[in-house]
file run28.tsv (TSV, C-alpha atoms)
chain	number	residue	atom	x	y	z
X	1	MET	CA	-47.75	9.34	-29.23
X	2	ALA	CA	-44.84	11.74	-29.61
X	3	ARG	CA	-45.77	13.45	-26.32
X	4	GLU	CA	-45.76	10.10	-24.48
X	5	ALA	CA	-42.38	9.18	-25.93
X	6	LEU	CA	-40.96	12.54	-24.87
X	7	LEU	CA	-42.34	12.11	-21.34
X	8	LEU	CA	-40.82	8.61	-21.08
X	9	LEU	CA	-37.44	9.94	-22.21
X	10	ALA	CA	-37.58	12.73	-19.63
X	11	LEU	CA	-38.37	10.30	-16.80
X	12	THR	CA	-35.54	8.01	-17.91
X	13	CYS	CA	-33.05	10.88	-17.86
X	14	LEU	CA	-34.27	11.95	-14.43
X	15	CYS	CA	-33.73	8.45	-13.02
X	16	ILE	CA	-30.26	8.26	-14.52
X	17	GLY	CA	-29.43	11.66	-13.04
X	18	LEU	CA	-30.57	10.60	-9.57
X	19	ALA	CA	-28.54	7.40	-9.75
X	20	ALA	CA	-25.43	9.19	-10.95
X	21	ALA	CA	-25.70	11.66	-8.08
X	22	ASP	CA	-25.55	8.80	-5.57
X	23	TRP	CA	-23.03	6.61	-7.41
X	24	ASN	CA	-21.01	4.25	-5.23
X	25	ILE	CA	-18.15	2.26	-6.69
X	26	LEU	CA	-19.01	-0.73	-4.51
X	27	SER	CA	-22.67	-0.85	-5.56
X	28	PRO	CA	-23.23	-0.52	-9.30
X	29	LYS	CA	-26.84	-1.73	-9.09
X	30	TRP	CA	-29.16	1.05	-8.01
X	31	ARG	CA	-31.72	0.38	-5.31
X	32	PHE	CA	-33.61	3.36	-3.99
X	33	ASP	CA	-33.58	2.28	-0.34
X	34	ALA	CA	-32.87	5.27	1.89
X	35	LYS	CA	-32.10	3.16	4.97
X	36	GLN	CA	-29.71	0.86	3.12
X	37	ASP	CA	-27.96	3.76	1.42
X	38	THR	CA	-27.50	5.49	4.79
X	39	TRP	CA	-25.73	2.45	6.24
X	40	LYS	CA	-23.69	1.98	3.06
X	41	ASN	CA	-22.51	5.58	3.22
X	42	TYR	CA	-21.75	5.31	6.93
X	43	CYS	CA	-19.71	2.13	6.49
X	44	GLU	CA	-17.75	3.47	3.54
X	45	SER	CA	-17.05	6.63	5.53
X	46	TRP	CA	-15.91	4.49	8.47
X	47	ARG	CA	-13.59	2.51	6.19
X	48	ILE	CA	-12.06	5.63	4.64
X	49	ASN	CA	-11.42	7.18	8.06
X	50	VAL	CA	-9.66	4.00	9.18
X	51	GLU	CA	-7.35	4.35	6.18
X	52	LEU	CA	-6.80	8.03	6.99
X	53	ASN	CA	-5.85	7.06	10.56
X	54	ASN	CA	-8.67	9.19	11.97
X	55	ILE	CA	-10.31	6.09	13.48
X	56	ARG	CA	-7.75	4.29	15.63
X	57	ASP	CA	-7.41	1.46	18.13
X	58	PHE	CA	-10.67	-0.24	17.16
X	59	GLU	CA	-10.97	-3.85	18.32
X	60	VAL	CA	-13.78	-4.86	15.98
X	61	VAL	CA	-15.43	-3.59	12.84
X	62	PRO	CA	-18.92	-2.18	13.63
X	63	GLN	CA	-21.38	-5.04	13.21
X	64	GLU	CA	-23.49	-3.15	10.67
X	65	CYS	CA	-20.34	-2.69	8.54
X	66	VAL	CA	-18.87	-6.20	8.57
X	67	ASP	CA	-20.52	-7.21	5.30
X	68	HIS	CA	-19.43	-3.94	3.68
X	69	ILE	CA	-15.81	-4.44	4.75
X	70	LYS	CA	-15.89	-8.05	3.58
X	71	LYS	CA	-17.16	-6.99	0.17
X	72	TYR	CA	-14.45	-4.35	-0.13
X	73	MET	CA	-11.53	-6.51	1.04
X	74	THR	CA	-12.51	-9.27	-1.42
X	75	SER	CA	-13.35	-6.94	-4.30
X	76	SER	CA	-11.58	-5.75	-7.42
X	77	GLN	CA	-11.61	-2.29	-5.83
X	78	TYR	CA	-9.33	-3.47	-2.98
X	79	THR	CA	-7.01	-4.95	-5.60
X	80	ALA	CA	-7.08	-1.73	-7.65
X	81	ASP	CA	-6.39	0.42	-4.57
X	82	SER	CA	-3.45	-1.79	-3.61
X	83	GLU	CA	-2.05	-1.79	-7.14
X	84	ARG	CA	-2.34	2.01	-7.29
X	85	ALA	CA	-0.27	2.28	-4.12
X	86	ILE	CA	2.35	-0.04	-5.60
X	87	GLU	CA	2.42	2.07	-8.78
X	88	GLU	CA	3.39	5.04	-6.60
X	89	VAL	CA	6.24	2.99	-5.11
X	90	THR	CA	7.43	2.09	-8.60
X	91	LEU	CA	7.29	5.73	-9.67
X	92	TYR	CA	9.24	6.75	-6.57
X	93	LEU	CA	11.89	4.13	-7.34
X	94	THR	CA	12.53	5.64	-10.78
X	95	ARG	CA	13.81	8.88	-9.26
X	96	CYS	CA	14.50	8.44	-5.58
X	97	CYS	CA	17.50	6.39	-4.94
X	98	THR	CA	21.14	7.10	-5.61
X	99	LEU	CA	22.48	3.72	-4.59
X	100	LYS	CA	26.05	3.76	-3.32
X	101	GLY	CA	26.70	0.08	-3.87
X	102	ASP	CA	28.08	-0.30	-0.35
X	103	GLY	CA	25.40	-2.75	0.77
X	104	LYS	CA	23.72	-0.19	3.01
X	105	ASP	CA	20.71	0.70	0.86
X	106	ALA	CA	17.64	-0.79	2.54
X	107	TRP	CA	13.89	-1.24	2.18
X	108	ILE	CA	11.40	-2.51	4.78
X	109	PHE	CA	8.30	-4.61	4.19
X	110	ASP	CA	5.69	-5.66	6.71
X	111	VAL	CA	4.58	-9.30	6.30
X	112	ASP	CA	0.88	-9.93	7.02
X	113	ASP	CA	-1.44	-8.28	4.50
X	114	THR	CA	1.57	-6.68	2.85
X	115	LEU	CA	3.44	-9.66	1.39
X	116	ILE	CA	0.99	-12.43	2.31
X	117	SER	CA	-2.73	-12.29	3.02
X	118	THR	CA	-4.70	-13.17	6.18
X	119	ILE	CA	-8.01	-12.81	4.34
X	120	PRO	CA	-8.51	-16.63	4.15
X	121	TYR	CA	-8.39	-16.69	7.96
X	122	PHE	CA	-10.76	-13.76	8.45
X	123	LYS	CA	-13.25	-15.21	5.98
X	124	LYS	CA	-13.84	-17.91	8.60
X	125	HIS	CA	-13.56	-15.64	11.64
X	126	GLY	CA	-16.00	-12.80	11.33
X	127	PHE	CA	-14.12	-10.57	8.91
X	128	GLY	CA	-13.26	-8.04	11.60
X	129	GLY	CA	-16.60	-8.33	13.39
X	130	GLU	CA	-15.04	-10.52	16.10
X	131	LYS	CA	-12.21	-9.49	18.40
X	132	VAL	CA	-9.05	-11.15	17.11
X	133	ASN	CA	-8.26	-14.38	18.93
X	134	SER	CA	-4.46	-14.41	18.97
X	135	SER	CA	-4.20	-18.13	19.69
X	136	SER	CA	-6.49	-19.01	16.80
X	137	LEU	CA	-4.74	-16.66	14.40
X	138	GLU	CA	-1.29	-17.93	15.37
X	139	ALA	CA	-2.44	-21.54	14.95
X	140	TRP	CA	-3.50	-20.62	11.40
X	141	MET	CA	-0.15	-18.90	10.79
X	142	GLU	CA	1.65	-22.07	11.86
X	143	GLU	CA	0.02	-23.86	8.91
X	144	SER	CA	2.03	-21.64	6.49
X	145	LYS	CA	-0.88	-21.38	4.05
X	146	ALA	CA	-1.23	-17.61	3.60
X	147	PRO	CA	-1.25	-16.73	-0.11
X	148	ALA	CA	1.04	-14.12	-1.62
X	149	LEU	CA	-0.35	-10.72	-2.54
X	150	ASP	CA	0.42	-10.34	-6.23
X	151	HIS	CA	0.87	-6.57	-6.22
X	152	THR	CA	3.66	-6.59	-3.61
X	153	PHE	CA	5.17	-9.86	-4.84
X	154	LYS	CA	6.34	-8.18	-8.04
X	155	LEU	CA	7.53	-5.08	-6.16
X	156	PHE	CA	9.51	-7.17	-3.67
X	157	HIS	CA	11.53	-8.82	-6.44
X	158	GLU	CA	11.97	-5.57	-8.35
X	159	ILE	CA	13.48	-3.88	-5.30
X	160	LYS	CA	15.71	-6.88	-4.54
X	161	ASP	CA	16.94	-6.97	-8.14
X	162	ARG	CA	17.98	-3.31	-7.85
X	163	GLY	CA	20.50	-4.30	-5.20
X	164	ILE	CA	18.54	-2.85	-2.29
X	165	LYS	CA	18.62	-5.02	0.83
X	166	ILE	CA	15.16	-6.03	2.03
X	167	PHE	CA	14.30	-6.28	5.71
X	168	LEU	CA	11.04	-7.85	6.83
X	169	VAL	CA	9.75	-6.37	10.09
X	170	SER	CA	6.70	-8.16	11.44
X	171	SER	CA	4.68	-8.05	14.65
X	172	ARG	CA	4.56	-11.85	14.58
X	173	LYS	CA	6.19	-13.60	17.54
X	174	GLU	CA	9.65	-15.12	17.30
X	175	THR	CA	8.07	-18.54	17.93
X	176	LEU	CA	6.47	-18.25	14.49
X	177	ARG	CA	9.79	-17.82	12.66
X	178	SER	CA	9.94	-21.27	11.09
X	179	PRO	CA	6.35	-21.36	9.71
X	180	THR	CA	6.69	-17.72	8.57
X	181	VAL	CA	9.87	-18.46	6.62
X	182	ASP	CA	8.29	-21.60	5.17
X	183	ASN	CA	5.19	-19.66	4.12
X	184	LEU	CA	7.17	-16.89	2.46
X	185	ILE	CA	9.41	-19.31	0.57
X	186	ASN	CA	6.50	-21.53	-0.45
X	187	VAL	CA	4.74	-18.62	-2.20
X	188	GLY	CA	7.92	-17.39	-3.91
X	189	TYR	CA	9.60	-14.85	-1.64
X	190	HIS	CA	13.33	-15.28	-1.17
X	191	GLY	CA	16.50	-13.26	-0.86
X	192	TRP	CA	15.55	-10.95	2.01
X	193	SER	CA	18.40	-9.90	4.30
X	194	SER	CA	16.66	-10.34	7.64
X	195	LEU	CA	13.29	-11.26	9.14
X	196	ILE	CA	12.76	-9.31	12.35
X	197	LEU	CA	10.10	-10.75	14.69
X	198	ARG	CA	9.02	-9.96	18.23
X	199	GLY	CA	11.06	-11.69	20.91
X	200	LEU	CA	9.96	-12.27	24.50
X	201	ASP	CA	11.17	-8.81	25.52
X	202	ASP	CA	9.12	-7.20	22.74
X	203	GLU	CA	5.74	-8.92	23.18
X	204	TYR	CA	4.26	-6.30	25.50
X	205	MET	CA	5.62	-3.40	23.49
X	206	HIS	CA	3.33	-1.41	21.19
X	207	VAL	CA	3.81	-2.44	17.57
X	208	GLU	CA	4.81	1.09	16.57
X	209	GLN	CA	7.51	1.18	19.25
X	210	PHE	CA	8.82	-2.27	18.30
X	211	LYS	CA	9.06	-1.37	14.63
X	212	SER	CA	10.62	2.02	15.36
X	213	GLN	CA	13.31	0.30	17.43
X	214	ALA	CA	13.95	-2.17	14.61
X	215	ARG	CA	14.49	0.76	12.22
X	216	LYS	CA	16.79	2.50	14.70
X	217	LYS	CA	19.00	-0.58	14.92
X	218	LEU	CA	19.27	-0.63	11.13
X	219	VAL	CA	20.08	3.09	10.95
X	220	ASP	CA	22.66	2.68	13.72
X	221	GLN	CA	24.30	0.01	11.54
X	222	GLY	CA	24.58	2.55	8.73
X	223	TYR	CA	21.62	1.53	6.59
X	224	ARG	CA	19.78	4.10	4.48
X	225	ILE	CA	16.09	3.19	4.57
X	226	TRP	CA	14.67	4.32	1.24
X	227	GLY	CA	11.12	3.16	1.88
X	228	ILE	CA	8.61	1.16	3.90
X	229	VAL	CA	5.53	-0.68	2.66
X	230	GLY	CA	2.94	-1.81	5.20
X	231	ASP	CA	-0.79	-2.15	5.73
X	232	GLN	CA	-0.78	-0.66	9.27
X	233	TRP	CA	0.06	2.87	10.37
X	234	SER	CA	2.14	1.36	13.16
X	235	SER	CA	4.44	-0.09	10.49
X	236	ILE	CA	5.36	3.30	9.06
X	237	LYS	CA	5.03	5.83	11.91
X	238	GLY	CA	7.66	6.71	14.49
X	239	LEU	CA	11.34	7.62	14.44
X	240	PRO	CA	13.62	7.15	12.66
X	241	GLU	CA	11.60	7.71	9.52
X	242	ALA	CA	12.21	6.19	6.11
X	243	LYS	CA	12.64	8.56	3.18
X	244	ARG	CA	9.17	7.51	1.95
X	245	THR	CA	6.38	5.36	3.35
X	246	PHE	CA	3.52	3.64	1.53
X	247	LYS	CA	0.31	2.44	3.20
X	248	LEU	CA	-1.70	-0.45	1.75
X	249	PRO	CA	-5.43	-0.71	2.51
X	250	ASN	CA	-6.64	-2.85	5.42
X	251	SER	CA	-9.94	-2.21	7.18
X	252	ILE	CA	-10.22	-5.54	9.03
X	253	TYR	CA	-8.00	-4.91	12.07
X	254	TYR	CA	-5.82	-2.21	13.65
X	255	LEU	CA	-2.42	-2.71	15.27
X	256	SER	CA	-1.14	0.18	17.39
call {"tool": "encode", "arguments": {"input": "run28.tsv", "output": "structure tokens"}}
result
Amino acid sequence: MAREALLLLALTCLCIGLAAADWNILSPKWRFDAKQDTWKNYCESWRINVELNNIRDFEVVPQECVDHIKKYMTSSQYTADSERAIEEVTLYLTRCCTLKGDGKDAWIFDVDDTLISTIPYFKKHGFGGEKVNSSSLEAWMEESKAPALDHTFKLFHEIKDRGIKIFLVSSRKETLRSPTVDNLINVGYHGWSSLILRGLDDEYMHVEQFKSQARKKLVDQGYRIWGIVGDQWSSIKGLPEAKRTFKLPNSIYYLS
């Protein structure tokens, strides 16, 4: 009897050890399915390399990874990753900025999936597995129903209350100004200094170029850009640079 109990304990420990060796934060229930685990690992690797900007200019999420990306972007892990990024912004703010009080201290936020979320739209449109239909997405934006992202909502107001001027630089078209303003105000954003959208002359410009030019205009006006928060690399790359940039997770789409 003692020998059988010892054998059972050994097998239990072995199983626990195997599970721990293949632990995945997105899958706490262990299923020993080699094929499924291979796809899970591939899709998580794909997602991470999107965030690292190693995978660029993709038009759709790989079909075998759509469900994985959906689970991540609607999970507590996505929320935790976003909140961790915002914690780094808050830490930076405690030591970074010697404000001169001349009205020239500035901070830039992107809009979509930085201040407000497009996830309700993508839940109904393939969650990255379909090429983005601009007309459909813009029609949804005109409804002004995008919810606020809690993690950046608090940061937005903290930065504004410090006396730093906030500029919103979005790749949305100028024709969406009214519904964008309505959406932001409806969910509690207010007090920004300017909302910069793409005019007719900007629509065929790469997003990175458009946002770089927007920053240059601010710098030419004497603004000191202490930081940028955005979910796309195109929101934070290019010259002139901010003193610090902070990237929020987004594996659904890529804007170059």
call {"tool": "atom_distance", "arguments": {"input": "run28.tsv", "atom1": "CA of Ile69 (chain X)", "atom2": "CA of His151 (chain X)"}}
result
20.1 Å
call {"tool": "closest_residue", "arguments": {"input": "run28.tsv", "among": "X:Tyr72, X:Phe127, X:Trp39, X:Trp46", "to": "Ile252 (chain X)", "atoms": "only C-alpha atoms"}}
result
X:Phe127
call {"tool": "residues_around", "arguments": {"input": "run28.tsv", "residues": "region 90-98 of chain X", "least_positions_apart": "2", "cutoff": "10 Å", "atoms": "all atoms listed in the file", "output": "list of chain:residue names"}}
result
X:Arg84, X:Ala85, X:Ile86, X:Glu87, X:Glu88, X:Lys100, X:Gly101, X:Asp105, X:Leu155, X:Glu158, X:Ile159, X:Arg162, X:Ile164, X:Arg224, X:Trp226, X:Gly227, X:Lys243, X:Arg244
call {"tool": "write_last_selection", "arguments": {"input": "run28.tsv", "atoms": "C-alpha atoms", "output": "tab-separated table (two decimals), in the frame of the given file"}}
result
chain	number	residue	atom	x	y	z
X	84	ARG	CA	-2.34	2.01	-7.29
X	85	ALA	CA	-0.27	2.28	-4.12
X	86	ILE	CA	2.35	-0.04	-5.60
X	87	GLU	CA	2.42	2.07	-8.78
X	88	GLU	CA	3.39	5.04	-6.60
X	100	LYS	CA	26.05	3.76	-3.32
X	101	GLY	CA	26.70	0.08	-3.87
X	105	ASP	CA	20.71	0.70	0.86
X	155	LEU	CA	7.53	-5.08	-6.16
X	158	GLU	CA	11.97	-5.57	-8.35
X	159	ILE	CA	13.48	-3.88	-5.30
X	162	ARG	CA	17.98	-3.31	-7.85
X	164	ILE	CA	18.54	-2.85	-2.29
X	224	ARG	CA	19.78	4.10	4.48
X	226	TRP	CA	14.67	4.32	1.24
X	227	GLY	CA	11.12	3.16	1.88
X	243	LYS	CA	12.64	8.56	3.18
X	244	ARG	CA	9.17	7.51	1.95
call {"tool": "residues_near_point", "arguments": {"input": "run28.tsv", "point": "(-13.3, -7.9, 16.1)", "cutoff": "8 Å", "atoms": "only C-alpha atoms", "output": "VMD selection string"}}
result
chain X and resid 59 to 61 126 to 132 253
call {"tool": "residues_near_point", "arguments": {"input": "run28.tsv", "point": "(7.2, 5.4, 19.0)", "cutoff": "6 Å", "atoms": "all atoms listed in the file", "output": "mmCIF file with C-alpha atoms, in the coordinates of the input"}}
result
data_model
loop_
_atom_site.group_PDB
_atom_site.id
_atom_site.type_symbol
_atom_site.label_atom_id
_atom_site.label_comp_id
_atom_site.auth_asym_id
_atom_site.auth_seq_id
_atom_site.Cartn_x
_atom_site.Cartn_y
_atom_site.Cartn_z
ATOM 1 C CA GLU X 208 4.810 1.090 16.570
ATOM 2 C CA GLN X 209 7.510 1.180 19.250
ATOM 3 C CA GLY X 238 7.660 6.710 14.490
#
call {"tool": "closest_residue", "arguments": {"input": "run28.tsv", "among": "X:Ser256, X:Gln232, X:Ser170, X:Asn186", "to": "Leu52 (chain X)", "atoms": "only C-alpha atoms"}}
result
X:Gln232
call {"tool": "atom_distance", "arguments": {"input": "run28.tsv", "atom1": "CA of Asn49 (chain X)", "atom2": "CA of Phe246 (chain X)"}}
result
16.7 Å
call {"tool": "closest_residue", "arguments": {"input": "run28.tsv", "among": "X:Leu200, X:Val229, X:Ile166, X:Val50", "to": "Asp113 (chain X)", "atoms": "all atoms listed in the file"}}
result
X:Val229
call {"tool": "atom_distance", "arguments": {"input": "run28.tsv", "atom1": "CA of Ser82 (chain X)", "atom2": "CA of Ile228 (chain X)"}}
result
14.5 Å
call {"tool": "closest_residue", "arguments": {"input": "run28.tsv", "among": "X:Leu248, X:Val181, X:Ile236, X:Met205", "to": "Met73 (chain X)", "atoms": "all atoms listed in the file"}}
result
X:Leu248
call {"tool": "closest_residue", "arguments": {"input": "run28.tsv", "among": "X:Ser235, X:Ser193, X:Thr79, X:Ser135", "to": "Asp150 (chain X)", "atoms": "all atoms listed in the file"}}
result
X:Thr79
call {"tool": "closest_residue", "arguments": {"input": "run28.tsv", "among": "X:Leu176, X:Val169, X:Val207, X:Val111", "to": "Glu143 (chain X)", "atoms": "all atoms listed in the file"}}
result
X:Leu176
call {"tool": "build_atoms", "arguments": {"input": "run28.tsv", "residues": "region 197-227 of chain X", "atoms": "N, CA and C atoms", "output": "JSON list (two decimals), in the coordinates of the input"}}
result
[["chain", "number", "residue", "atom", "x", "y", "z"],
["X", 197, "LEU", "N", 11.34, -10.41, 14.01],
["X", 197, "LEU", "CA", 10.10, -10.75, 14.69],
["X", 197, "LEU", "C", 10.20, -10.34, 16.16],
["X", 198, "ARG", "N", 9.06, -10.41, 16.84],
["X", 198, "ARG", "CA", 9.02, -9.96, 18.23],
["X", 198, "ARG", "C", 9.50, -11.06, 19.18],
["X", 199, "GLY", "N", 10.57, -10.77, 19.90],
["X", 199, "GLY", "CA", 11.06, -11.69, 20.91],
["X", 199, "GLY", "C", 10.27, -11.55, 22.20],
["X", 200, "LEU", "N", 10.66, -12.31, 23.22],
["X", 200, "LEU", "CA", 9.96, -12.27, 24.50],
["X", 200, "LEU", "C", 9.97, -10.88, 25.11],
["X", 201, "ASP", "N", 11.06, -10.15, 24.95],
["X", 201, "ASP", "CA", 11.17, -8.81, 25.52],
["X", 201, "ASP", "C", 10.32, -7.79, 24.77],
["X", 202, "ASP", "N", 9.86, -8.15, 23.58],
["X", 202, "ASP", "CA", 9.12, -7.20, 22.74],
["X", 202, "ASP", "C", 7.61, -7.41, 22.78],
["X", 203, "GLU", "N", 7.14, -8.52, 23.34],
["X", 203, "GLU", "CA", 5.74, -8.92, 23.18],
["X", 203, "GLU", "C", 4.75, -7.95, 23.80],
["X", 204, "TYR", "N", 5.18, -7.22, 24.84],
["X", 204, "TYR", "CA", 4.26, -6.30, 25.50],
["X", 204, "TYR", "C", 4.50, -4.85, 25.05],
["X", 205, "MET", "N", 5.33, -4.72, 24.05],
["X", 205, "MET", "CA", 5.62, -3.40, 23.49],
["X", 205, "MET", "C", 4.60, -3.07, 22.41],
["X", 206, "HIS", "N", 4.19, -1.80, 22.30],
["X", 206, "HIS", "CA", 3.33, -1.41, 21.19],
["X", 206, "HIS", "C", 4.04, -1.71, 19.87],
["X", 207, "VAL", "N", 3.24, -2.07, 18.87],
["X", 207, "VAL", "CA", 3.81, -2.44, 17.57],
["X", 207, "VAL", "C", 4.63, -1.28, 17.00],
["X", 208, "GLU", "N", 4.10, -0.07, 17.11],
["X", 208, "GLU", "CA", 4.81, 1.09, 16.57],
["X", 208, "GLU", "C", 6.18, 1.25, 17.23],
["X", 209, "GLN", "N", 6.24, 1.07, 18.53],
["X", 209, "GLN", "CA", 7.51, 1.18, 19.25],
["X", 209, "GLN", "C", 8.48, 0.09, 18.83],
["X", 210, "PHE", "N", 7.98, -1.15, 18.72],
["X", 210, "PHE", "CA", 8.82, -2.27, 18.30],
["X", 210, "PHE", "C", 9.41, -2.03, 16.92],
["X", 211, "LYS", "N", 8.58, -1.57, 16.00],
["X", 211, "LYS", "CA", 9.06, -1.37, 14.63],
["X", 211, "LYS", "C", 9.98, -0.15, 14.52],
["X", 212, "SER", "N", 9.72, 0.86, 15.33],
["X", 212, "SER", "CA", 10.62, 2.02, 15.36],
["X", 212, "SER", "C", 12.01, 1.61, 15.87],
["X", 213, "GLN", "N", 12.03, 0.77, 16.90],
["X", 213, "GLN", "CA", 13.31, 0.30, 17.43],
["X", 213, "GLN", "C", 14.06, -0.56, 16.42],
["X", 214, "ALA", "N", 13.31, -1.35, 15.66],
["X", 214, "ALA", "CA", 13.95, -2.17, 14.61],
["X", 214, "ALA", "C", 14.60, -1.26, 13.57],
["X", 215, "ARG", "N", 13.91, -0.19, 13.20],
["X", 215, "ARG", "CA", 14.49, 0.76, 12.22],
["X", 215, "ARG", "C", 15.72, 1.45, 12.80],
["X", 216, "LYS", "N", 15.65, 1.81, 14.08],
["X", 216, "LYS", "CA", 16.79, 2.50, 14.70],
["X", 216, "LYS", "C", 18.03, 1.62, 14.67],
["X", 217, "LYS", "N", 17.85, 0.33, 14.94],
["X", 217, "LYS", "CA", 19.00, -0.58, 14.92],
["X", 217, "LYS", "C", 19.62, -0.63, 13.53],
["X", 218, "LEU", "N", 18.76, -0.61, 12.50],
["X", 218, "LEU", "CA", 19.27, -0.63, 11.13],
["X", 218, "LEU", "C", 20.02, 0.66, 10.81],
["X", 219, "VAL", "N", 19.43, 1.79, 11.20],
["X", 219, "VAL", "CA", 20.08, 3.09, 10.95],
["X", 219, "VAL", "C", 21.40, 3.18, 11.71],
["X", 220, "ASP", "N", 21.42, 2.67, 12.93],
["X", 220, "ASP", "CA", 22.66, 2.68, 13.72],
["X", 220, "ASP", "C", 23.75, 1.83, 13.06],
["X", 221, "GLN", "N", 23.34, 0.84, 12.27],
["X", 221, "GLN", "CA", 24.30, 0.01, 11.54],
["X", 221, "GLN", "C", 24.71, 0.63, 10.20],
["X", 222, "GLY", "N", 24.19, 1.82, 9.93],
["X", 222, "GLY", "CA", 24.58, 2.55, 8.73],
["X", 222, "GLY", "C", 23.67, 2.38, 7.54],
["X", 223, "TYR", "N", 22.52, 1.74, 7.72],
["X", 223, "TYR", "CA", 21.62, 1.53, 6.59],
["X", 223, "TYR", "C", 20.84, 2.80, 6.27],
["X", 224, "ARG", "N", 20.63, 3.01, 4.97],
["X", 224, "ARG", "CA", 19.78, 4.10, 4.48],
["X", 224, "ARG", "C", 18.44, 3.47, 4.09],
["X", 225, "ILE", "N", 17.39, 3.81, 4.82],
["X", 225, "ILE", "CA", 16.09, 3.19, 4.57],
["X", 225, "ILE", "C", 15.32, 4.05, 3.55],
["X", 226, "TRP", "N", 15.29, 3.55, 2.32],
["X", 226, "TRP", "CA", 14.67, 4.32, 1.24],
["X", 226, "TRP", "C", 13.15, 4.27, 1.29],
["X", 227, "GLY", "N", 12.59, 3.22, 1.86],
["X", 227, "GLY", "CA", 11.12, 3.16, 1.88],
["X", 227, "GLY", "C", 10.61, 2.05, 2.78]]
